[in-house]
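Have a look at start.cif below; it lists mmCIF, C-alpha atoms.
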```
data_run
loop_
_atom_site.label_atom_id
_atom_site.label_comp_id
_atom_site.auth_asym_id
_atom_site.auth_seq_id
_atom_site.Cartn_x
_atom_site.Cartn_y
_atom_site.Cartn_z
CA MET U 1 247.18 -104.90 53.68
CA LYS U 2 247.00 -104.85 49.91
CA LYS U 3 244.79 -101.75 50.00
CA LEU U 4 247.19 -100.05 52.40
CA GLY U 5 250.09 -100.82 50.04
CA LEU U 6 248.16 -99.37 47.10
CA PHE U 7 247.33 -96.28 49.15
CA VAL U 8 250.98 -95.72 50.13
CA THR U 9 252.11 -96.25 46.53
CA ILE U 10 249.61 -93.72 45.20
CA ILE U 11 250.58 -91.13 47.84
CA CYS U 12 254.30 -91.57 47.12
CA GLY U 13 253.69 -91.42 43.38
CA ALA U 14 251.65 -88.22 43.77
CA ILE U 15 254.42 -86.59 45.84
CA LEU U 16 257.02 -87.64 43.25
CA LEU U 17 254.91 -86.28 40.38
CA TYR U 18 254.39 -83.03 42.30
CA ALA U 19 258.15 -82.71 42.91
CA THR U 20 258.89 -83.41 39.24
CA GLY U 21 257.00 -80.22 38.37
CA GLU U 22 259.66 -78.23 40.24
CA PHE U 23 262.47 -79.59 38.08
CA PRO U 24 264.14 -77.25 35.59
CA ARG U 25 263.05 -77.79 32.00
CA TRP U 26 264.99 -80.34 29.94
CA GLY U 27 268.16 -78.69 28.61
CA GLU U 28 267.56 -75.49 30.66
CA VAL U 29 270.66 -73.27 30.51
CA ARG U 30 270.13 -71.65 33.92
CA SER U 31 269.50 -74.88 35.85
CA PRO U 32 271.97 -75.48 38.72
CA ALA U 33 273.40 -78.56 36.99
CA SER U 34 274.52 -76.63 33.92
CA LEU U 35 275.83 -73.50 35.71
CA HIS U 36 278.98 -74.59 37.54
CA VAL U 37 281.15 -77.31 36.03
CA SER U 38 279.32 -78.32 32.84
CA PRO U 39 280.39 -75.23 30.81
CA HIS U 40 284.01 -75.92 31.77
CA TYR U 41 283.77 -79.54 30.59
CA ILE U 42 282.07 -78.56 27.33
CA LYS U 43 284.52 -75.75 26.57
CA TYR U 44 287.83 -77.18 27.70
CA SER U 45 287.66 -80.98 27.98
CA VAL U 46 288.97 -81.60 24.43
CA GLU U 47 291.98 -79.31 24.82
CA GLU U 48 292.69 -80.47 28.38
CA THR U 49 292.41 -84.21 27.82
CA ASP U 50 292.54 -84.77 24.04
CA VAL U 51 289.44 -86.98 24.21
CA PRO U 52 286.56 -86.03 21.87
CA ASN U 53 283.88 -87.86 23.90
CA ILE U 54 283.12 -85.55 26.83
CA VAL U 55 281.25 -88.30 28.69
CA THR U 56 284.37 -90.48 28.76
CA SER U 57 286.64 -87.65 29.89
CA VAL U 58 284.26 -86.74 32.74
CA LEU U 59 283.76 -90.37 33.73
CA ALA U 60 287.37 -91.54 33.62
CA ASP U 61 289.35 -88.36 34.30
CA TYR U 62 287.51 -85.53 36.06
CA ARG U 63 285.42 -88.03 38.04
CA GLY U 64 287.93 -90.89 37.94
CA PHE U 65 287.80 -91.55 41.68
CA ASP U 66 284.02 -92.16 41.44
CA THR U 67 284.46 -94.61 38.61
CA MET U 68 287.16 -96.51 40.49
CA PHE U 69 284.75 -97.22 43.31
CA GLU U 70 281.98 -98.06 40.83
CA THR U 71 284.29 -100.74 39.50
CA THR U 72 284.94 -101.87 43.07
CA VAL U 73 281.18 -102.10 43.64
CA ILE U 74 280.88 -104.39 40.59
CA PHE U 75 283.78 -106.48 41.89
CA CYS U 76 282.06 -106.75 45.29
CA ALA U 77 278.81 -107.80 43.59
CA GLY U 78 280.64 -110.66 41.89
CA LEU U 79 282.37 -111.58 45.15
CA ALA U 80 279.06 -111.58 47.06
CA CYS U 81 277.41 -113.75 44.40
CA PHE U 82 280.33 -116.18 44.57
CA LEU U 83 280.37 -116.35 48.39
CA LEU U 84 276.60 -116.71 48.74
CA LEU U 85 275.88 -119.20 45.98
CA ARG U 86 279.01 -121.28 45.45
CA VAL U 87 278.83 -124.79 46.90
CA PHE U 88 282.31 -125.75 48.12
CA GLY U 89 282.15 -129.08 49.95
CA ARG U 90 279.91 -131.82 48.62
CA ASP U 91 277.36 -133.01 51.17
CA ASP U 92 276.20 -136.62 51.14
CA GLU U 93 272.69 -135.87 49.94
CA LEU U 94 272.45 -136.16 46.19
CA THR U 95 270.38 -133.65 44.27
CA PRO U 96 267.58 -135.06 42.08
CA GLU U 97 269.78 -134.43 39.05
CA GLU U 98 272.70 -136.37 40.49
CA GLU U 99 270.48 -139.33 41.47
CA LYS U 100 269.77 -139.86 37.80
CA GLY U 101 273.47 -140.42 37.24
CA ILE U 102 275.84 -138.92 34.74
CA PHE U 103 275.08 -138.84 31.04
CA TYR U 104 277.72 -139.18 28.35
CA ARG U 105 277.21 -138.64 24.64
CA HIS U 106 279.28 -140.67 22.20
CA LEU U 107 280.07 -138.00 19.65
CA PRO U 108 280.51 -140.05 16.43
CA THR U 109 277.18 -141.85 16.83
CA GLY U 110 275.23 -139.42 18.99
CA ILE U 111 274.20 -142.19 21.41
CA VAL U 112 273.68 -141.06 25.03
CA ILE U 113 274.81 -143.41 27.81
CA GLN U 114 273.67 -143.09 31.42
CA PHE U 115 275.86 -144.10 34.37
CA LYS U 116 274.24 -144.58 37.77
CA LYS U 117 277.46 -144.82 39.76
CA GLU U 118 279.21 -141.63 40.55
CA ASP U 119 282.77 -142.93 40.48
CA VAL U 120 282.69 -144.02 36.83
CA GLU U 121 284.29 -141.30 34.82
CA ILE U 122 284.98 -141.39 31.09
CA ARG U 123 287.72 -139.17 29.80
CA HIS U 124 287.95 -139.65 26.09
CA LYS U 125 287.76 -137.30 23.15
CA ASP U 126 284.79 -139.18 21.67
CA PHE U 127 282.66 -138.72 24.80
CA GLU U 128 281.23 -135.54 26.27
CA VAL U 129 279.22 -135.06 29.46
CA VAL U 130 275.66 -133.89 28.81
CA ASP U 131 273.16 -132.29 31.18
CA SER U 132 270.68 -134.48 33.03
CA LYS U 133 267.81 -132.48 31.59
CA LEU U 134 268.35 -133.93 28.15
CA VAL U 135 269.02 -131.22 25.61
CA PRO U 136 268.90 -132.38 21.98
CA TYR U 137 272.05 -131.86 19.93
CA ASP U 138 271.17 -128.82 17.83
CA LEU U 139 273.55 -128.23 14.96
CA ILE U 140 271.92 -125.00 13.76
CA ILE U 141 272.12 -123.16 17.10
CA LYS U 142 275.68 -124.30 17.73
CA THR U 143 276.94 -123.36 14.28
CA ALA U 144 275.19 -119.99 14.36
CA CYS U 145 276.69 -119.18 17.77
CA ARG U 146 280.12 -120.37 16.67
CA VAL U 147 279.96 -117.86 13.81
CA LEU U 148 278.47 -115.04 15.92
CA ILE U 149 280.63 -115.18 19.05
CA PRO U 150 283.94 -113.97 17.50
CA PHE U 151 282.20 -110.97 15.98
CA ILE U 152 280.51 -110.11 19.29
CA GLN U 153 283.87 -110.27 21.02
CA LEU U 154 285.50 -108.16 18.34
CA PHE U 155 282.73 -105.58 18.75
CA ALA U 156 283.26 -105.61 22.53
CA LEU U 157 286.97 -104.91 22.08
CA TYR U 158 286.09 -102.11 19.64
CA VAL U 159 283.69 -100.59 22.19
CA VAL U 160 286.40 -100.63 24.89
CA ALA U 161 289.16 -99.29 22.64
CA HIS U 162 286.98 -96.69 20.94
CA GLY U 163 285.38 -95.37 24.14
CA ASP U 164 287.41 -92.16 23.82
CA PHE U 165 285.92 -91.24 20.47
CA SER U 166 282.38 -92.61 20.41
CA PRO U 167 279.77 -93.82 22.91
CA GLY U 168 281.02 -96.82 24.82
CA GLY U 169 283.81 -97.66 27.21
CA GLY U 170 284.87 -100.21 29.75
CA PHE U 171 281.49 -100.97 31.28
CA GLN U 172 279.63 -101.52 28.03
CA GLY U 173 282.48 -103.38 26.32
CA GLY U 174 282.99 -105.61 29.36
CA VAL U 175 279.30 -106.47 29.51
CA ILE U 176 279.23 -107.29 25.79
CA PHE U 177 282.31 -109.50 26.11
CA GLY U 178 280.79 -111.26 29.12
CA ALA U 179 277.54 -111.72 27.19
CA SER U 180 279.44 -113.49 24.38
CA ILE U 181 280.74 -116.07 26.89
CA ILE U 182 277.25 -116.39 28.39
CA LEU U 183 275.94 -117.05 24.86
CA LEU U 184 278.54 -119.81 24.56
CA ALA U 185 277.32 -121.30 27.84
CA ILE U 186 273.69 -121.19 26.72
CA ALA U 187 274.21 -122.47 23.18
CA PHE U 188 276.57 -125.33 24.10
CA ASN U 189 276.45 -126.14 27.80
CA LEU U 190 277.83 -124.70 31.00
CA ARG U 191 280.59 -127.31 31.26
CA SER U 192 282.17 -126.46 27.92
CA ALA U 193 282.07 -122.74 28.77
CA ILE U 194 283.77 -123.38 32.14
CA GLU U 195 286.39 -125.49 30.37
CA LYS U 196 287.20 -122.51 28.13
CA ILE U 197 287.39 -119.97 30.94
CA ASN U 198 287.60 -121.49 34.37
CA GLU U 199 286.67 -120.18 37.76
CA LYS U 200 290.18 -119.45 38.98
CA LEU U 201 290.96 -117.37 35.88
CA LEU U 202 287.71 -115.44 36.27
CA GLY U 203 288.50 -114.64 39.90
CA ILE U 204 291.97 -113.44 38.99
CA LEU U 205 290.66 -111.36 36.07
CA SER U 206 287.97 -109.63 38.15
CA ALA U 207 290.56 -108.61 40.74
CA LEU U 208 293.09 -107.71 38.04
CA GLY U 209 290.69 -105.22 36.47
CA VAL U 210 290.30 -103.29 39.71
CA PHE U 211 294.06 -103.58 40.28
CA ILE U 212 294.84 -102.05 36.87
CA TYR U 213 292.60 -99.09 37.66
CA ALA U 214 294.00 -98.50 41.16
CA GLY U 215 297.52 -99.29 39.90
CA ILE U 216 297.40 -96.51 37.32
CA GLY U 217 296.23 -94.21 40.11
CA TRP U 218 299.16 -95.25 42.31
CA LEU U 219 301.57 -94.88 39.42
CA CYS U 220 300.55 -91.24 39.06
CA LEU U 221 301.06 -90.85 42.80
CA LEU U 222 304.56 -92.37 42.56
CA LEU U 223 305.45 -90.08 39.67
CA GLY U 224 304.78 -87.06 41.86
CA GLY U 225 301.19 -86.13 41.00
CA ASN U 226 297.83 -86.62 42.65
CA PHE U 227 296.01 -89.96 42.69
CA LEU U 228 294.69 -90.65 39.15
CA ASP U 229 296.39 -87.53 37.76
CA TYR U 230 297.11 -89.10 34.36
CA GLY U 231 299.11 -86.12 33.10
CA ARG U 232 302.06 -87.35 35.20
CA LEU U 233 302.28 -90.49 33.09
CA ALA U 234 303.92 -88.33 30.43
CA SER U 235 307.28 -88.80 32.19
CA ILE U 236 307.25 -92.55 31.41
CA LEU U 237 305.29 -92.46 28.14
CA PRO U 238 306.72 -90.93 24.97
CA VAL U 239 303.88 -88.38 24.71
CA ASP U 240 302.99 -84.93 26.03
CA PRO U 241 300.92 -84.60 29.27
CA ILE U 242 297.63 -83.91 27.44
CA ARG U 243 297.94 -87.03 25.30
CA ALA U 244 299.03 -88.95 28.43
CA ARG U 245 295.67 -88.14 30.01
CA ALA U 246 293.89 -89.77 27.06
CA LEU U 247 296.15 -92.83 27.31
CA GLY U 248 295.59 -93.04 31.07
CA MET U 249 291.85 -93.04 30.45
CA LEU U 250 292.25 -95.85 27.92
CA GLY U 251 294.23 -97.80 30.54
CA VAL U 252 291.58 -97.50 33.23
CA GLU U 253 288.82 -98.30 30.70
CA ILE U 254 290.63 -101.54 29.88
CA GLY U 255 290.80 -102.32 33.62
CA VAL U 256 287.08 -101.64 34.00
CA GLY U 257 286.33 -103.82 30.97
CA ILE U 258 288.29 -106.79 32.32
CA ALA U 259 286.67 -106.55 35.77
CA VAL U 260 283.12 -106.17 34.42
CA MET U 261 283.58 -109.03 31.94
CA ALA U 262 284.79 -111.45 34.61
CA VAL U 263 282.13 -110.43 37.14
CA MET U 264 279.27 -110.86 34.63
CA ILE U 265 280.43 -114.42 33.85
CA ILE U 266 280.92 -115.25 37.57
CA ILE U 267 277.40 -114.07 38.40
CA TYR U 268 275.88 -115.96 35.47
CA ILE U 269 277.65 -119.24 36.21
CA ASN U 270 276.79 -119.12 39.90
CA ILE U 271 273.14 -118.28 39.32
CA ALA U 272 272.51 -120.69 36.45
CA SER U 273 274.12 -123.70 38.15
CA ALA U 274 273.03 -122.76 41.71
CA GLY U 275 276.70 -122.63 42.71
CA ARG U 276 277.59 -126.19 41.68
CA HIS U 277 279.27 -125.21 38.39
CA ASP U 278 278.06 -128.35 36.62
CA GLU U 279 274.97 -127.72 34.56
CA GLY U 280 272.83 -124.72 33.92
CA LEU U 281 270.52 -123.02 31.50
CA MET V 1 259.95 -86.70 17.14
CA HIS V 2 257.38 -85.57 19.70
CA TYR V 3 254.94 -88.37 18.78
CA LEU V 4 257.71 -90.95 19.08
CA ASP V 5 258.32 -89.75 22.65
CA VAL V 6 254.67 -90.23 23.56
CA VAL V 7 254.50 -93.69 21.97
CA ILE V 8 257.66 -94.90 23.76
CA LEU V 9 256.58 -93.44 27.12
CA THR V 10 253.22 -95.21 26.79
CA MET V 11 255.06 -98.46 26.04
CA VAL V 12 257.31 -97.93 29.11
CA ILE V 13 254.28 -97.52 31.41
CA PHE V 14 252.48 -100.45 29.75
CA CYS V 15 255.54 -102.74 30.18
CA ALA V 16 256.01 -101.66 33.83
CA ILE V 17 252.39 -102.36 34.80
CA ALA V 18 252.31 -105.63 32.84
CA ALA V 19 255.57 -106.81 34.45
CA LEU V 20 254.08 -106.19 37.89
CA SER V 21 250.69 -107.77 37.29
CA ILE V 22 251.60 -110.88 35.30
CA LYS V 23 251.82 -114.22 37.19
CA ASP V 24 254.36 -115.95 34.94
CA LEU V 25 257.83 -114.92 36.11
CA LEU V 26 259.48 -115.75 32.78
CA GLY V 27 257.06 -113.36 31.10
CA THR V 28 257.94 -110.76 33.73
CA ALA V 29 261.65 -111.12 32.91
CA ILE V 30 260.98 -110.64 29.20
CA LEU V 31 258.69 -107.65 29.85
CA PHE V 32 261.36 -106.14 32.06
CA GLY V 33 263.83 -106.51 29.19
CA ALA V 34 261.36 -104.78 26.88
CA TYR V 35 260.95 -102.02 29.49
CA SER V 36 264.72 -101.53 29.61
CA PHE V 37 264.90 -101.39 25.84
CA MET V 38 262.18 -98.71 25.72
CA MET V 39 264.12 -96.72 28.35
CA CYS V 40 267.21 -97.13 26.16
CA LEU V 41 265.33 -95.62 23.21
CA LEU V 42 264.25 -92.70 25.43
CA TRP V 43 267.87 -92.04 26.49
CA ALA V 44 268.94 -92.16 22.84
CA ILE V 45 266.21 -89.65 21.88
CA MET V 46 267.34 -87.31 24.68
CA GLY V 47 270.90 -87.46 23.29
CA ALA V 48 272.47 -89.44 26.16
CA VAL V 49 273.94 -92.08 23.89
CA ASP V 50 276.40 -93.45 26.48
CA VAL V 51 273.61 -94.05 28.97
CA ALA V 52 271.49 -95.62 26.21
CA PHE V 53 274.36 -97.97 25.35
CA THR V 54 274.72 -99.03 29.00
CA GLU V 55 270.97 -99.49 29.36
CA ALA V 56 270.84 -101.65 26.22
CA SER V 57 273.76 -103.87 27.22
CA VAL V 58 273.16 -104.15 30.98
CA GLY V 59 269.43 -103.56 31.39
CA ALA V 60 268.00 -105.22 28.32
CA GLY V 61 270.81 -107.74 27.79
CA VAL V 62 272.61 -109.26 30.74
CA SER V 63 270.11 -108.60 33.55
CA THR V 64 267.38 -110.37 31.56
CA VAL V 65 269.68 -113.38 31.27
CA PHE V 66 270.32 -113.26 35.05
CA PHE V 67 266.57 -113.16 35.71
CA VAL V 68 265.95 -116.13 33.41
CA GLY V 69 268.81 -118.01 35.11
CA ALA V 70 267.34 -117.31 38.55
CA ILE V 71 263.85 -118.41 37.42
CA PHE V 72 265.37 -121.59 35.97
CA ARG V 73 266.69 -122.45 39.46
CA THR V 74 263.47 -121.52 41.35
CA THR V 75 259.83 -121.73 40.30
CA ARG V 76 258.30 -120.23 37.24
CA ARG V 77 254.94 -119.27 38.76
CA THR V 78 254.58 -116.73 41.54
CA ARG V 79 252.12 -117.35 44.38
CA ASP V 80 251.21 -113.77 45.27
#
```
Would you give me this structure, written as C-alpha cells?
Amino acid sequence: MKKLGLFVTIICGAILLYATGEFPRWGEVRSPASLHVSPHYIKYSVEETDVPNIVTSVLADYRGFDTMFETTVIFCAGLACFLLLRVFGRDDELTPEEEKGIFYRHLPTGIVIQFKKEDVEIRHKDFEVVDSKLVPYDLIIKTACRVLIPFIQLFALYVVAHGDFSPGGGFQGGVIFGASIILLAIAFNLRSAIEKINEKLLGILSALGVFIYAGIGWLCLLLGGNFLDYGRLASILPVDPIRARALGMLGVEIGVGIAVMAVMIIIYINIASAGRHDEGL
Amino acid sequence: MHYLDVVILTMVIFCAIAALSIKDLLGTAILFGAYSFMMCLLWAIMGAVDVAFTEASVGAGVSTVFFVGAIFRTTRRTRD
C-alpha cells in the first residue's frame, strides 16, 4: 500500500511538473492573464478608484463580490469550529483535569490552593483560578507581553487603515489583531483572555464583520446603483464618486478585519480548550 | 538575487520533506511554519507583497498556533 501511494505520488508529481513547462514565463506580457483585464487595472485603477494600491482596488472593488464570499467562508469556518468543538451541556463524567479539583492562587503570597469539591468557588480580587497543569508564575513573559500587545494591536489597526496605500488590508490586519489576543491567552491563561473578550462578543463581532460588508453592498443598492457599487455612496458622503469608492473599500476592509479577528480567536479558544473554554495552551 | 531564489527554494523543499517524514508532530508544526515563511520570502521576491504579508501572518503565524493547540489536545507522537 505504501509503495502504491509512493507510485501514485510520483506519477502525479511528474504530470504536474510536465504541465508546469507549458506555463507562460514569469511576467510574460502576452500570457492570457495579462492580456484582458490586467492592463485596464494597471492603467486606470488609480484614476477610477483613487486607491494607489492596485491589489486592494482589485480585491475590494473590481472583485468585491468575491471578497464578500471569502469573508463568509471565514465566518463559516469559525461557525463550524464552534459547532463541532464547543461543549454545551456538562456531562456527569469528570475529565482527568477536573478530578484534580480547582486551583486558586493567592496573589499577594503566590500560594496555590487546591479544592477537590466542585461547588466551592472563590470570588475575590486576591485569588485567581490557575490551570490544573501547574504553570509557574512568570513575571518576565507576562511583563514583556503586556508591553508588546498594545503595539501589535496598533500595528494591526495601521495595516487595516493603510490597506489602500501599502500592502495589507482587512485579512492581514484582522489576523494580526487576533494573534495579539491569542498571545494574551498564551502568556497569561485562557481564562483571563476570555474575561477580556468573551464568547458572546466574539460571536457578535464575527457576524457584524460580514454584516458591515454586505450592508455597504445593500446601501449602494438602495442608493440606486449595483450591489457593491461604492460610487453611489457619494450621495450620502461629502465627497465625489471616485473618492467614495476609496471610502467604500475602507469600509468593507474594516468589516473583513472585524470578522477575521473574531473568527481567529474563536477557532483558537475552541481548539486549545477542546471546546470547554476553561484552560488551554 | 538569482542565488537567493535557489537557496530559498531548496529550503522550501527541505522543509516540506522534513515535515512529512518527521515523527514528532510538534516538530512538524514548526517545520510547516518555517515552510510558510520561506514561501512568504519567495512571494516577496516575486513582488507580490500583499500575498507575502498574508502568508506571513496566516501561514507562518496563526496556523502554526492552531497546529500547536491541536497537538496539545491530542498526542504529540504520530503512529504511522
Leaving out region 56-58 of chain V and any residue of its chain fewer than 3 positions from it, which residues lie within 8 Å of it when counting only C-alpha atoms, given as a list in words?
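Final neighbour list, sorted by chain and number: Gln172, Val175 and Ile176 of chain U; Ser36, Phe37, Cys40, Ala52, Phe53, Gly61, Val62 and Ser63 of chain V.
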What does the distance from CA of Thr10 (chain V) to CA of Ile10 (chain U) come to in Å, to one decimal?
18.8 Å
Using all atoms listed in the file, find which residues of chain U lie within 6 Å of chain V and jot them down as a list in words.
Pro167, Gly168, Gln172, Ile271 and Ala272 of chain U
Please return, as a ChimeraX atom specification, all polymer residues that have at least one atom within 10 Å of the point (278.5, -115.9, 27.7); use all atoms listed in the file and the file's own coordinate frame.
/U:149,175-187,190,193,261,264-265,268-269 /V:62,65
Could you tell me which residues the PyMOL selection byres ((chain V and resi 77) around 9) returns for this structure, as a list of chain:residue names?
V:Lys23, V:Asp24, V:Leu25, V:Leu26, V:Thr75, V:Arg76, V:Thr78, V:Arg79
Filtering to C-alpha atoms, could you give me those residues as a compact mmCIF listing (two decimals), in the frame of the given file?
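Dumped to out03.txt:
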```txt
# COMPACT_ATOMS: atom_id res chain seq x y z
CA LYS V 23 251.82 -114.22 37.19
CA ASP V 24 254.36 -115.95 34.94
CA LEU V 25 257.83 -114.92 36.11
CA LEU V 26 259.48 -115.75 32.78
CA THR V 75 259.83 -121.73 40.30
CA ARG V 76 258.30 -120.23 37.24
CA THR V 78 254.58 -116.73 41.54
CA ARG V 79 252.12 -117.35 44.38
```
Report the distance between CA of Ala60 (chain V) and CA of Asp278 (chain U) in Å, rounded to one decimal place.
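According to the coordinates, CA of Ala60 (chain V) and CA of Asp278 (chain U) are separated by 26.6 Å.
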Atom pair CA of Tyr41 (chain U) / CA of Gly27 (chain U): separation (Å):
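CA of Tyr41 (chain U) sits 15.8 Å away from CA of Gly27 (chain U).
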For Ala18 (chain V), list every protein, DNA or RNA residue within 9 Å, evaluated using all atoms listed in the file, and leave out those in the same chain fewer than 5 positions away; present the list as an mmCIF file with C-alpha atoms, in the frame of the given file.
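Full text of around_17.cif as output:
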```
data_model
loop_
_atom_site.group_PDB
_atom_site.id
_atom_site.type_symbol
_atom_site.label_atom_id
_atom_site.label_comp_id
_atom_site.auth_asym_id
_atom_site.auth_seq_id
_atom_site.Cartn_x
_atom_site.Cartn_y
_atom_site.Cartn_z
ATOM 1 C CA ILE V 13 254.280 -97.520 31.410
ATOM 2 C CA THR V 28 257.940 -110.760 33.730
ATOM 3 C CA LEU V 31 258.690 -107.650 29.850
#
```
Can you list what the PyMOL selection byres ((chain U and resi 104) around 9) grabs from this structure, as a VMD selection string?
chain U and resid 102 to 103 105 to 106 111 to 115 122 127 to 131
Apply the PyMOL selection byres ((chain V and resi 19) around 9) to the structure shown and report the selected residues as JSON, numbers by chain.
{"V": [14, 15, 16, 17, 18, 20, 21, 22, 23, 25, 27, 28, 29, 30, 31, 32, 35]}
Would you kindly return, as a short mmCIF file (atom, residue, chain, number, x, y, z; two decimals) with C-alpha atoms, keeping the file's coordinate frame, each protein, DNA or RNA residue with an atom no farther than 8 Å from any atom of Ile254 (chain U), considering all atoms listed in the file and excluding same-chain residues fewer than 6 positions away?
```cif
data_model
loop_
_atom_site.label_atom_id
_atom_site.label_comp_id
_atom_site.auth_asym_id
_atom_site.auth_seq_id
_atom_site.Cartn_x
_atom_site.Cartn_y
_atom_site.Cartn_z
CA VAL U 160 286.40 -100.63 24.89
CA ALA U 161 289.16 -99.29 22.64
CA GLY U 170 284.87 -100.21 29.75
CA GLY U 209 290.69 -105.22 36.47
#
```
Would you kindly return, as a PyMOL selection string, each protein, DNA or RNA residue with an atom no farther than 6 Å from any atom of region 53-57 of chain U, considering all atoms listed in the file and excluding same-chain residues fewer than 2 positions away?
chain U and resi 51+59-61+164-165
